[in-house]
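**Student:** Structure file final-v3.cif, mmCIF, C-alpha atoms, is pasted below:
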data_structure
#
loop_
_atom_site.label_atom_id
_atom_site.label_comp_id
_atom_site.auth_asym_id
_atom_site.auth_seq_id
_atom_site.Cartn_x
_atom_site.Cartn_y
_atom_site.Cartn_z
CA MET M 1 -78.72 54.72 22.01
CA ARG M 2 -78.29 58.39 21.14
CA LYS M 3 -82.02 58.83 20.46
CA ARG M 4 -82.97 57.13 23.71
CA LEU M 5 -80.56 59.26 25.75
CA THR M 6 -81.83 62.46 24.11
CA ALA M 7 -85.43 61.47 24.83
CA ALA M 8 -84.47 60.66 28.42
CA PHE M 9 -82.95 64.13 28.89
CA ILE M 10 -86.09 65.81 27.50
CA VAL M 11 -88.45 63.71 29.63
CA LEU M 12 -86.35 64.29 32.75
CA SER M 13 -86.31 68.06 32.14
CA ILE M 14 -90.08 68.18 31.63
CA VAL M 15 -90.74 66.08 34.75
CA LEU M 16 -88.51 68.39 36.82
CA LEU M 17 -90.27 71.44 35.37
CA LEU M 18 -93.68 69.98 36.15
CA GLY M 19 -92.61 69.26 39.71
CA ALA M 20 -91.22 72.77 40.12
CA GLY M 21 -94.41 74.19 38.56
CA LEU M 22 -96.62 72.31 41.02
CA VAL M 23 -94.59 73.56 43.98
CA ARG M 24 -94.65 77.09 42.58
CA THR M 25 -98.42 76.94 42.05
CA TYR M 26 -99.03 75.74 45.60
CA VAL M 27 -96.86 78.47 47.13
CA LEU M 28 -98.20 81.15 44.81
CA GLN M 29 -101.80 80.23 45.63
CA ASP M 30 -101.22 80.93 49.30
CA LEU M 31 -99.45 84.21 48.55
CA VAL M 32 -102.24 85.39 46.27
CA ARG M 33 -104.89 84.41 48.83
CA GLU M 34 -103.08 86.44 51.51
CA GLN M 35 -102.77 89.39 49.17
CA VAL M 36 -106.47 89.26 48.20
CA ALA M 37 -107.45 88.93 51.85
CA GLY M 38 -105.40 92.03 52.69
CA GLN M 39 -107.10 94.04 49.95
CA LEU M 40 -110.51 92.88 51.16
CA ASP M 41 -109.63 93.98 54.72
CA GLN M 42 -108.91 97.46 53.44
CA GLU M 43 -112.15 97.50 51.41
CA ALA M 44 -114.17 96.28 54.38
CA ASP M 45 -112.72 99.02 56.64
CA LEU M 46 -113.43 101.63 54.00
CA VAL M 47 -117.03 100.47 53.46
CA ALA M 48 -117.60 100.27 57.24
CA ALA M 49 -116.41 103.86 57.62
CA ILE M 50 -118.69 105.07 54.78
CA VAL M 51 -121.69 103.23 56.23
CA ALA M 52 -120.99 104.69 59.71
CA ASP M 53 -120.81 108.21 58.27
CA ARG M 54 -124.12 107.73 56.42
CA GLU M 55 -125.87 106.44 59.51
CA ALA M 56 -124.43 109.29 61.57
CA ALA M 57 -125.82 111.73 58.99
CA GLY M 58 -129.27 110.14 59.28
CA GLY M 59 -129.17 108.47 55.88
CA THR M 60 -130.59 105.12 55.02
CA VAL M 61 -128.37 102.16 54.30
CA ASP M 62 -130.18 100.07 51.69
CA GLU M 63 -129.33 97.87 48.73
CA GLU M 64 -129.24 100.83 46.37
CA PHE M 65 -126.67 102.58 48.55
CA LEU M 66 -124.60 99.45 49.04
CA THR M 67 -124.58 98.85 45.28
CA THR M 68 -122.56 102.06 44.89
CA LEU M 69 -119.96 100.69 47.29
CA VAL M 70 -119.51 97.12 46.10
CA GLY M 71 -116.64 96.30 43.71
CA PRO M 72 -117.28 94.70 40.28
CA LYS M 73 -115.98 91.31 41.45
CA ASP M 74 -117.08 91.55 45.11
CA GLN M 75 -120.05 90.62 47.23
CA LEU M 76 -120.99 93.04 50.00
CA THR M 77 -123.01 91.94 53.01
CA TYR M 78 -124.32 94.38 55.66
CA ASP M 79 -125.77 93.08 58.90
CA ALA M 80 -127.24 95.97 60.88
CA GLY M 81 -127.36 93.95 64.07
CA PRO M 82 -129.89 92.17 66.29
CA GLY M 83 -133.52 93.12 65.83
CA ASP M 84 -133.09 94.21 62.24
CA ASP M 85 -134.17 92.53 59.07
CA ASP M 86 -132.09 89.96 57.21
CA PRO M 87 -128.63 91.14 56.17
CA LEU M 88 -128.44 93.12 52.97
CA VAL M 89 -126.46 91.37 50.25
CA VAL M 90 -125.35 93.05 47.00
CA THR M 91 -122.96 91.69 44.37
CA GLY M 92 -120.86 93.28 41.66
CA LYS M 93 -121.62 92.64 38.02
CA ASP M 94 -118.52 90.44 37.59
CA TYR M 95 -118.91 88.46 40.82
CA ALA M 96 -118.39 84.77 39.95
CA GLY M 97 -118.98 83.14 43.31
CA ASP M 98 -122.04 81.36 44.65
CA GLY M 99 -122.17 83.14 48.00
CA ASP M 100 -120.69 80.21 49.94
CA PRO M 101 -118.53 81.71 52.70
CA ASP M 102 -116.45 78.53 52.85
CA GLU M 103 -115.40 78.96 49.24
CA ASP M 104 -115.02 82.72 48.97
CA VAL M 105 -112.23 84.87 50.35
CA SER M 106 -113.78 87.36 52.73
CA ALA M 107 -112.99 90.06 55.25
CA GLY M 108 -115.21 91.84 57.77
CA ALA M 109 -115.24 95.14 59.62
CA THR M 110 -117.46 96.47 62.45
CA VAL M 111 -119.46 99.60 61.81
CA THR M 112 -119.31 102.26 64.51
CA GLY M 113 -122.59 102.15 66.33
CA GLY M 114 -123.23 98.50 65.59
CA GLY M 115 -123.48 96.33 62.55
CA MET M 116 -121.05 94.32 60.47
CA VAL M 117 -119.82 94.78 56.92
CA THR M 118 -118.43 91.73 55.06
CA VAL M 119 -116.68 91.95 51.71
CA SER M 120 -116.27 88.65 49.81
CA GLU M 121 -114.55 87.72 46.58
CA SER M 122 -114.75 84.45 44.64
CA SER M 123 -111.79 82.11 44.95
CA SER M 124 -111.82 81.95 41.14
CA VAL M 125 -110.00 85.28 41.20
CA ILE M 126 -107.02 83.48 42.65
CA ARG M 127 -107.13 80.93 39.83
CA ASP M 128 -107.40 83.75 37.31
CA VAL M 129 -104.33 85.46 38.72
CA ILE M 130 -102.35 82.24 38.59
CA GLY M 131 -103.77 81.35 35.17
CA ARG M 132 -102.42 84.56 33.64
CA ASP M 133 -98.96 82.95 33.63
CA ILE M 134 -100.02 79.82 31.72
CA GLY M 135 -98.94 81.22 28.36
CA SER M 136 -95.54 82.33 29.65
CA ILE M 137 -95.11 79.05 31.51
CA ALA M 138 -95.94 77.06 28.37
CA ALA M 139 -93.44 79.13 26.35
CA LEU M 140 -90.86 78.58 29.10
CA PHE M 141 -91.55 74.84 29.03
CA LEU M 142 -91.12 74.77 25.26
CA LEU M 143 -87.89 76.77 25.42
CA ILE M 144 -86.44 74.61 28.18
CA GLY M 145 -87.59 71.46 26.33
CA VAL M 146 -85.73 72.58 23.19
CA ALA M 147 -82.65 73.50 25.22
CA ALA M 148 -82.82 70.14 27.02
CA GLY M 149 -83.15 68.36 23.68
CA MET M 150 -80.08 70.12 22.27
CA ALA M 151 -78.07 69.53 25.43
CA GLY M 152 -79.28 65.95 25.57
CA PHE M 153 -78.34 65.37 21.94
CA LEU M 154 -74.82 66.72 22.49
CA ILE M 155 -74.29 64.76 25.71
CA ALA M 156 -75.87 61.64 24.24
CA SER M 157 -73.62 61.92 21.18
CA ALA M 158 -70.56 62.19 23.40
CA LEU M 159 -71.68 59.23 25.53
CA SER M 160 -72.76 56.99 22.66
CA ALA M 161 -69.83 57.70 20.30
CA PRO M 162 -67.45 55.23 22.04
CA PHE M 163 -70.10 52.52 22.03
CA GLN M 164 -70.83 53.09 18.33
CA LYS M 165 -67.13 52.66 17.57
CA LEU M 166 -67.08 49.56 19.74
CA ALA M 167 -70.02 48.12 17.79
CA ILE M 168 -68.16 48.75 14.52
CA ALA M 169 -65.00 47.18 15.97
CA ALA M 170 -66.94 44.14 17.22
CA ALA M 171 -68.47 43.70 13.76
CA ALA M 172 -64.99 43.96 12.20
CA LEU M 173 -63.67 41.32 14.61
CA GLY M 174 -66.60 39.11 13.71
CA ARG M 175 -65.54 39.46 10.07
CA GLY M 176 -61.99 38.38 10.90
CA ARG M 177 -60.18 41.72 11.11
CA PHE M 178 -57.54 42.22 13.76
CA ASP M 179 -56.69 45.90 13.15
CA LEU M 180 -59.53 47.24 15.31
CA ASP M 181 -60.16 50.97 15.58
CA LEU M 182 -60.99 51.11 19.30
CA PRO M 183 -62.04 54.32 21.07
CA SER M 184 -59.94 55.98 23.73
CA THR M 185 -62.46 56.90 26.40
CA ARG M 186 -62.77 57.50 30.13
CA ILE M 187 -66.12 55.74 30.34
CA PRO M 188 -65.31 52.62 32.43
CA GLU M 189 -67.80 50.35 30.66
CA ALA M 190 -66.63 51.36 27.18
CA SER M 191 -63.00 51.03 28.24
CA SER M 192 -63.63 47.51 29.57
CA ILE M 193 -65.33 46.47 26.34
CA ALA M 194 -62.49 47.96 24.29
CA ASN M 195 -59.92 46.02 26.33
CA ALA M 196 -61.92 42.81 25.88
CA LEU M 197 -62.13 43.32 22.11
CA ARG M 198 -58.42 44.13 21.93
CA SER M 199 -57.58 40.96 23.86
CA SER M 200 -59.86 38.89 21.63
CA ALA M 201 -58.29 40.33 18.49
CA LEU M 202 -54.78 39.62 19.76
CA ALA M 203 -55.76 36.09 20.80
CA LEU M 204 -57.36 35.40 17.44
CA GLU M 205 -54.39 36.79 15.55
CA ASP M 206 -52.02 34.71 17.67
CA ARG M 207 -54.13 31.66 16.92
CA VAL M 208 -53.82 32.29 13.18
CA HIS M 209 -50.06 32.65 13.46
CA ARG M 210 -49.74 29.49 15.55
CA GLU M 211 -51.90 27.48 13.17
CA ARG M 212 -49.83 28.63 10.21
CA ALA M 213 -46.61 27.74 12.07
CA PHE M 214 -48.13 24.39 13.03
CA ALA M 215 -49.07 23.68 9.41
CA GLU M 216 -45.57 24.51 8.18
CA HIS M 217 -43.91 22.54 10.98
CA THR M 218 -46.24 19.58 10.48
CA SER M 219 -45.59 19.57 6.77
CA HIS M 220 -41.85 19.55 7.35
CA VAL M 221 -41.85 17.05 10.22
CA LEU M 222 -44.12 14.55 8.46
CA ARG M 223 -43.02 14.83 4.87
CA THR M 224 -39.27 14.87 5.41
CA PRO M 225 -38.98 11.43 7.07
CA LEU M 226 -41.63 9.99 4.76
CA THR M 227 -39.65 11.21 1.75
CA GLY M 228 -36.51 9.61 3.18
CA ILE M 229 -38.31 6.31 3.78
CA ARG M 230 -39.77 6.35 0.27
CA LEU M 231 -36.33 6.95 -1.28
CA GLU M 232 -34.82 4.12 0.75
CA LEU M 233 -37.61 1.77 -0.29
CA GLU M 234 -37.28 2.79 -3.94
CA ASP M 235 -33.53 2.07 -3.81
CA LEU M 236 -34.28 -1.26 -2.19
CA SER M 237 -36.86 -2.14 -4.86
CA LEU M 238 -34.26 -1.59 -7.59
CA ARG M 239 -31.96 -4.32 -6.28
CA ASN M 240 -31.88 -7.49 -8.34
CA ASP M 241 -30.85 -9.80 -5.54
CA LEU M 242 -34.09 -9.46 -3.59
CA PRO M 243 -36.41 -12.44 -3.45
CA GLU M 244 -39.76 -12.03 -5.09
CA ASP M 245 -41.64 -11.95 -1.78
CA ALA M 246 -39.30 -9.20 -0.48
CA GLN M 247 -39.91 -7.10 -3.61
CA GLU M 248 -43.66 -7.48 -3.08
CA THR M 249 -43.29 -6.35 0.54
CA VAL M 250 -41.24 -3.30 -0.54
CA ALA M 251 -43.93 -2.38 -3.09
CA ARG M 252 -46.61 -2.63 -0.42
CA CYS M 253 -44.53 -0.45 1.93
CA LEU M 254 -44.11 2.16 -0.81
CA ALA M 255 -47.87 2.22 -1.29
CA ARG M 256 -48.43 2.65 2.45
CA VAL M 257 -45.87 5.47 2.58
CA GLU M 258 -47.67 7.23 -0.28
CA GLU M 259 -50.96 6.86 1.59
CA VAL M 260 -49.47 8.30 4.80
CA SER M 261 -47.91 11.16 2.80
CA ALA M 262 -51.27 11.91 1.19
CA VAL M 263 -52.99 11.90 4.59
CA ALA M 264 -50.34 14.26 6.00
CA ALA M 265 -50.81 16.61 3.05
CA GLU M 266 -54.57 16.48 3.53
CA LEU M 267 -54.28 17.29 7.25
CA VAL M 268 -52.04 20.26 6.53
CA GLU M 269 -54.43 21.47 3.85
CA ILE M 270 -57.40 21.16 6.20
CA THR M 271 -55.55 23.26 8.76
CA ARG M 272 -54.84 25.91 6.17
CA ARG M 273 -58.35 25.91 4.74
CA GLY M 274 -60.19 26.00 8.06
CA SER M 275 -62.53 28.94 8.60
CA LEU M 276 -60.99 31.82 10.48
CA VAL M 277 -64.35 32.88 11.95
CA VAL M 278 -67.10 30.28 11.66
CA GLY M 279 -70.18 31.66 9.94
CA ALA M 280 -68.53 34.86 8.72
CA GLU M 281 -67.70 33.67 5.20
CA VAL M 282 -68.99 35.80 2.32
CA PRO M 283 -69.14 34.87 -1.39
CA ILE M 284 -66.34 36.50 -3.33
CA SER M 285 -68.88 38.18 -5.64
CA ASP M 286 -70.49 40.04 -2.72
CA LEU M 287 -67.21 40.76 -0.93
CA SER M 288 -65.55 42.20 -4.04
CA ALA M 289 -68.61 44.38 -4.77
CA GLN M 290 -68.55 45.82 -1.25
CA LEU M 291 -64.84 46.61 -1.39
CA ALA M 292 -65.04 48.08 -4.89
CA GLN M 293 -67.99 50.32 -4.00
CA ARG M 294 -66.35 51.58 -0.81
CA TRP M 295 -63.07 52.46 -2.51
CA ALA M 296 -64.79 53.83 -5.60
CA ASP M 297 -66.45 56.43 -3.37
CA ARG M 298 -63.16 57.30 -1.65
CA LEU M 299 -61.25 57.60 -4.93
CA ALA M 300 -64.06 59.60 -6.52
CA ALA M 301 -63.49 62.25 -3.83
CA ARG M 302 -59.95 62.55 -5.30
CA ASN M 303 -61.25 62.64 -8.89
CA ARG M 304 -59.91 59.16 -9.57
CA ALA M 305 -61.87 56.33 -11.14
CA LEU M 306 -61.92 52.72 -9.99
CA THR M 307 -62.88 49.72 -12.10
CA ALA M 308 -63.19 46.23 -10.66
CA ALA M 309 -63.59 42.73 -12.01
CA VAL M 310 -64.23 39.30 -10.49
CA GLU M 311 -62.92 36.16 -12.12
CA GLY M 312 -62.83 32.46 -11.34
CA ASP M 313 -65.31 30.58 -9.19
CA LEU M 314 -67.73 33.26 -7.94
CA THR M 315 -69.39 30.85 -5.49
CA LEU M 316 -66.30 30.45 -3.30
CA THR M 317 -66.62 32.01 0.15
CA TYR M 318 -63.92 33.78 2.14
CA THR M 319 -63.58 35.26 5.60
CA PRO M 320 -63.97 38.97 4.76
CA GLY M 321 -61.70 40.45 7.45
CA PRO M 322 -58.29 39.42 6.02
CA VAL M 323 -59.37 40.26 2.46
CA GLU M 324 -60.67 43.67 3.55
CA HIS M 325 -57.54 44.39 5.61
CA ALA M 326 -55.14 43.51 2.81
CA THR M 327 -57.20 45.36 0.18
CA ASP M 328 -57.55 48.47 2.33
CA LEU M 329 -53.80 48.66 2.91
CA LEU M 330 -53.11 47.96 -0.75
CA LEU M 331 -55.46 50.67 -2.03
CA ALA M 332 -54.21 53.11 0.61
CA ASP M 333 -50.76 52.59 -0.91
CA VAL M 334 -52.26 53.19 -4.35
CA VAL M 335 -53.77 56.48 -3.15
CA ARG M 336 -50.42 57.62 -1.78
CA ARG M 337 -47.95 56.42 -4.43
CA GLY M 338 -50.11 56.11 -7.55
CA THR M 339 -51.98 58.47 -9.84
CA GLY M 340 -54.83 58.21 -12.32
CA ALA M 341 -57.41 55.49 -12.74
CA VAL M 342 -57.20 52.34 -10.62
CA ARG M 343 -58.17 48.79 -11.57
CA ILE M 344 -58.59 45.90 -9.14
CA VAL M 345 -59.20 42.29 -10.12
CA PHE M 346 -60.33 39.51 -7.76
CA ASN M 347 -59.58 36.01 -9.06
CA ALA M 348 -60.91 33.06 -7.08
CA ALA M 349 -58.93 30.01 -8.16
CA ALA M 350 -60.39 26.52 -8.23
CA ASP M 351 -58.09 25.44 -5.39
CA GLY M 352 -59.54 28.19 -3.16
CA HIS M 353 -56.68 30.69 -3.32
CA LEU M 354 -57.71 34.32 -3.89
CA ARG M 355 -55.54 36.45 -6.15
CA ILE M 356 -55.97 40.24 -5.88
CA THR M 357 -54.30 42.37 -8.56
CA VAL M 358 -54.13 46.16 -8.29
CA LEU M 359 -52.90 48.46 -11.05
CA CYS M 360 -52.95 52.25 -11.43
CA ALA M 361 -52.07 54.63 -14.25
CA GLY M 362 -48.91 56.31 -13.00
CA HIS M 363 -46.42 57.19 -10.27
CA THR M 364 -46.83 59.99 -7.76
CA PRO M 365 -43.79 62.31 -7.99
CA GLY M 366 -41.50 62.04 -5.01
CA THR M 367 -41.94 65.74 -4.24
CA GLU M 368 -45.65 65.19 -3.64
CA LEU M 369 -45.25 62.34 -1.19
CA GLY M 370 -44.52 64.73 1.65
CA GLY M 371 -42.90 63.59 4.87
CA GLU M 372 -45.03 60.49 5.34
CA THR M 373 -42.84 57.54 6.30
CA VAL M 374 -45.51 54.83 6.60
CA ASP M 375 -44.67 51.96 4.26
CA ARG M 376 -48.07 50.47 3.58
CA LEU M 377 -46.70 47.92 1.15
CA SER M 378 -44.59 46.49 3.97
CA GLN M 379 -47.73 46.39 6.09
CA VAL M 380 -49.49 44.50 3.31
CA ARG M 381 -46.64 41.98 3.13
CA ALA M 382 -46.69 41.48 6.90
CA VAL M 383 -50.46 40.93 7.01
CA VAL M 384 -50.55 38.65 3.96
CA GLU M 385 -47.55 36.55 5.00
CA ALA M 386 -49.05 36.14 8.49
CA LEU M 387 -52.08 34.62 6.78
CA GLY M 388 -49.94 32.26 4.72
CA GLY M 389 -50.06 34.28 1.49
CA ARG M 390 -47.55 36.29 -0.51
CA VAL M 391 -47.20 39.64 -2.27
CA THR M 392 -45.45 40.26 -5.58
CA GLY M 393 -44.68 43.64 -7.09
CA ASP M 394 -43.24 46.85 -5.66
CA HIS M 395 -45.34 49.67 -7.10
CA PRO M 396 -49.03 49.89 -8.02
CA ALA M 397 -48.21 51.54 -11.34
CA ASP M 398 -46.37 48.34 -12.31
CA GLY M 399 -48.99 46.12 -10.71
CA ILE M 400 -49.11 44.51 -7.28
CA GLU M 401 -50.47 41.01 -6.79
CA VAL M 402 -51.61 39.52 -3.50
CA LEU M 403 -52.22 35.78 -3.11
CA LEU M 404 -54.33 34.76 -0.10
CA PRO M 405 -55.29 31.28 1.09
CA ARG M 406 -58.94 30.21 1.22
CA ARG M 407 -59.44 31.21 4.86
#
Could you rewrite the structure in this file as structure tokens?

**Tutor:**
Amino acid sequence: MRKRLTAAFIVLSIVLLLGAGLVRTYVLQDLVREQVAGQLDQEADLVAAIVADREAAGGTVDEEFLTTLVGPKDQLTYDAGPGDDDPLVVTGKDYAGDGDPDEDVSAGATVTGGGMVTVSESSSVIRDVIGRDIGSIAALFLLIGVAAGMAGFLIASALSAPFQKLAIAAAALGRGRFDLDLPSTRIPEASSIANALRSSALALEDRVHRERAFAEHTSHVLRTPLTGIRLELEDLSLRNDLPEDAQETVARCLARVEEVSAVAAELVEITRRGSLVVGAEVPISDLSAQLAQRWADRLAARNRALTAAVEGDLTLTYTPGPVEHATDLLLADVVRRGTGAVRIVFNAAADGHLRITVLCAGHTPGTELGGETVDRLSQVRAVVEALGGRVTGDHPADGIEVLLPRR
């Protein structure tokens, strides 16, 4: 987007310059023609006066004489009047016209005593005058093009920055993250998209919380009465005074209760294992590598090393957003409260649960913590518990373990 906006600014500036240049050329052409015509009027008057003086002195006006009067770029025509020979025509050595009066710029003057003097100049002189500015105009175009490119780049960066952040936030939401970093902007379109993403994130997070509450409530509502029924039936099966057919019925009821209990457990497990964002799952091997590389770079800037390991079933897939969110908060707490090398272990259990263990070398002294009051470990607990997991441990130097469900 930024490149396209910058190119649009440059193209728009060049188009405006070309339009202004065409208007300037048209106006300047008329001004130059008027100026040249005025100069030719003066030359014609001067030549007419010289010719009149020569005739008055009894001299001969011929081509040789007229050659001394014509300018280097002019054509001089002398018509002595009716009854005389054809008009005398002489040209300067630099005259570039073809003698066509419709093409040349010309001016005439009447000679005292009769006759007409006409001074002409090729219209190419006008083009030459205008063409002298081509170099300066090209340099001006280049300078304005560079300035337009710089201005366009700055403006395009300012305009595209909110949309770039929105694209990153949309990708994060697609990965299952709810803590979106949305831009604060006055651009109406970007603001509308940000509000839509924020609403979607809140709705998705609320859905996760409701599904977890539903799973817990369902487990309690279904299993509690089933457990009571099973206990009652077991007590009944232990009685010796029951007929044989009644004991067989009780045994069949116990079997049916066990089947219903198993189905209830399976339904609850399906609810808990359902994908948070369909199609966003990533194998734990790839997800752990991405997280380890990202935090290795951040810790390296603080001269701290990070080692990572992946254990368990490496083919299991997880929605990356919750894992990234919990890991980011956890390692942010390690950066603040821990010192030295950091080790993180991802363990994908056979039942689908993901266990993340973080350990660092030492404690950050209390005097170096500053006035920061953000408790990131509490944030980790809130995020993980909202997803149906748990956190054990209080300090990264002693080890912190996060257990997340499959989703």

**Student:** Could you list, as a PyMOL selection string, every residue matched by the PyMOL selection byres ((chain M and resi 394) around 12) in this structure?

**Tutor:** chain M and resi 330+333-334+337-338+358-359+363+375-378+380-381+391-393+395-402

**Student:** Quick one: everything within 8 Å of Glu63 in chain M, counting all atoms listed in the file, minus sequence neighbours fewer than 5 positions away in the same chain. Send it as a count of residues only.

**Tutor:** 3

**Student:** Name every residue that the PyMOL selection byres ((chain M and resi 77) around 9) selects in this structure, writing the answer as an MDAnalysis selection string with chains first and numbers rising.

**Tutor:** chainID M and resid 66 75:76 78:79 87:91 116:120

**Student:** Store the residues picked out above, limited to C-alpha atoms, as a PDB file, keeping the file's coordinate frame.

**Tutor:**
ATOM      1  CA  LEU M  66    -124.600  99.450  49.040  1.00  0.00           C
ATOM      2  CA  GLN M  75    -120.050  90.620  47.230  1.00  0.00           C
ATOM      3  CA  LEU M  76    -120.990  93.040  50.000  1.00  0.00           C
ATOM      4  CA  TYR M  78    -124.320  94.380  55.660  1.00  0.00           C
ATOM      5  CA  ASP M  79    -125.770  93.080  58.900  1.00  0.00           C
ATOM      6  CA  PRO M  87    -128.630  91.140  56.170  1.00  0.00           C
ATOM      7  CA  LEU M  88    -128.440  93.120  52.970  1.00  0.00           C
ATOM      8  CA  VAL M  89    -126.460  91.370  50.250  1.00  0.00           C
ATOM      9  CA  VAL M  90    -125.350  93.050  47.000  1.00  0.00           C
ATOM     10  CA  THR M  91    -122.960  91.690  44.370  1.00  0.00           C
ATOM     11  CA  MET M 116    -121.050  94.320  60.470  1.00  0.00           C
ATOM     12  CA  VAL M 117    -119.820  94.780  56.920  1.00  0.00           C
ATOM     13  CA  THR M 118    -118.430  91.730  55.060  1.00  0.00           C
ATOM     14  CA  VAL M 119    -116.680  91.950  51.710  1.00  0.00           C
ATOM     15  CA  SER M 120    -116.270  88.650  49.810  1.00  0.00           C
TER      16      SER M 120
END

**Student:** Using the chain letters and residue numbers of this document, give as a list in words the residues selected by the PyMOL selection byres ((chain M and resi 324) around 10).

**Tutor:**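 Those residues are Ala172, Arg175, Gly176, Arg177, Leu287, Ser288, Gln290, Leu291, Thr319, Pro320, Gly321, Pro322, Val323, His325, Ala326, Thr327, Asp328, Leu329 and Leu330 of chain M.
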
**Student:** Rounded to one decimal, what separation in Å do you get between CA of Ser106 in chain M and CA of Asp86 in chain M?

**Tutor:**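 Computing it gives 19.0 Å between the two atoms.
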
**Student:** So the first atom is CA of Phe141 in chain M and the second is CA of Glu34 in chain M; what is the distance between them in Å, to one decimal place?

**Tutor:**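 So the two atoms, CA of Phe141 in chain M and CA of Glu34 in chain M, lie 27.8 Å apart.
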
**Student:** Would you mind telling me which residue in M:Ala138, M:Val342, M:Ile10, M:Leu236 lies nearest to Met150 in chain M when using all atoms listed in the file?

**Tutor:**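 Closest to Met150 in chain M, using all atoms listed in the file: M:Ile10.
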
**Student:** List the spatial neighbours of Ala194 in chain M as an MDAnalysis selection string - criterion: any atom at most 10 Å away, only C-alpha atoms, same-chain residues fewer than 5 positions off excluded.

**Tutor:** chainID M and resid 162:163 165:167 169:170 180:185 188:189 199:200

**Student:** For each of M:Gly228, M:Gly108, M:Gly115, M:Pro72, take the minimum atom-to-atom distance to Tyr95 in chain M, counting all atoms listed in the file, then give the residue where this is smallest.

**Tutor:** M:Pro72
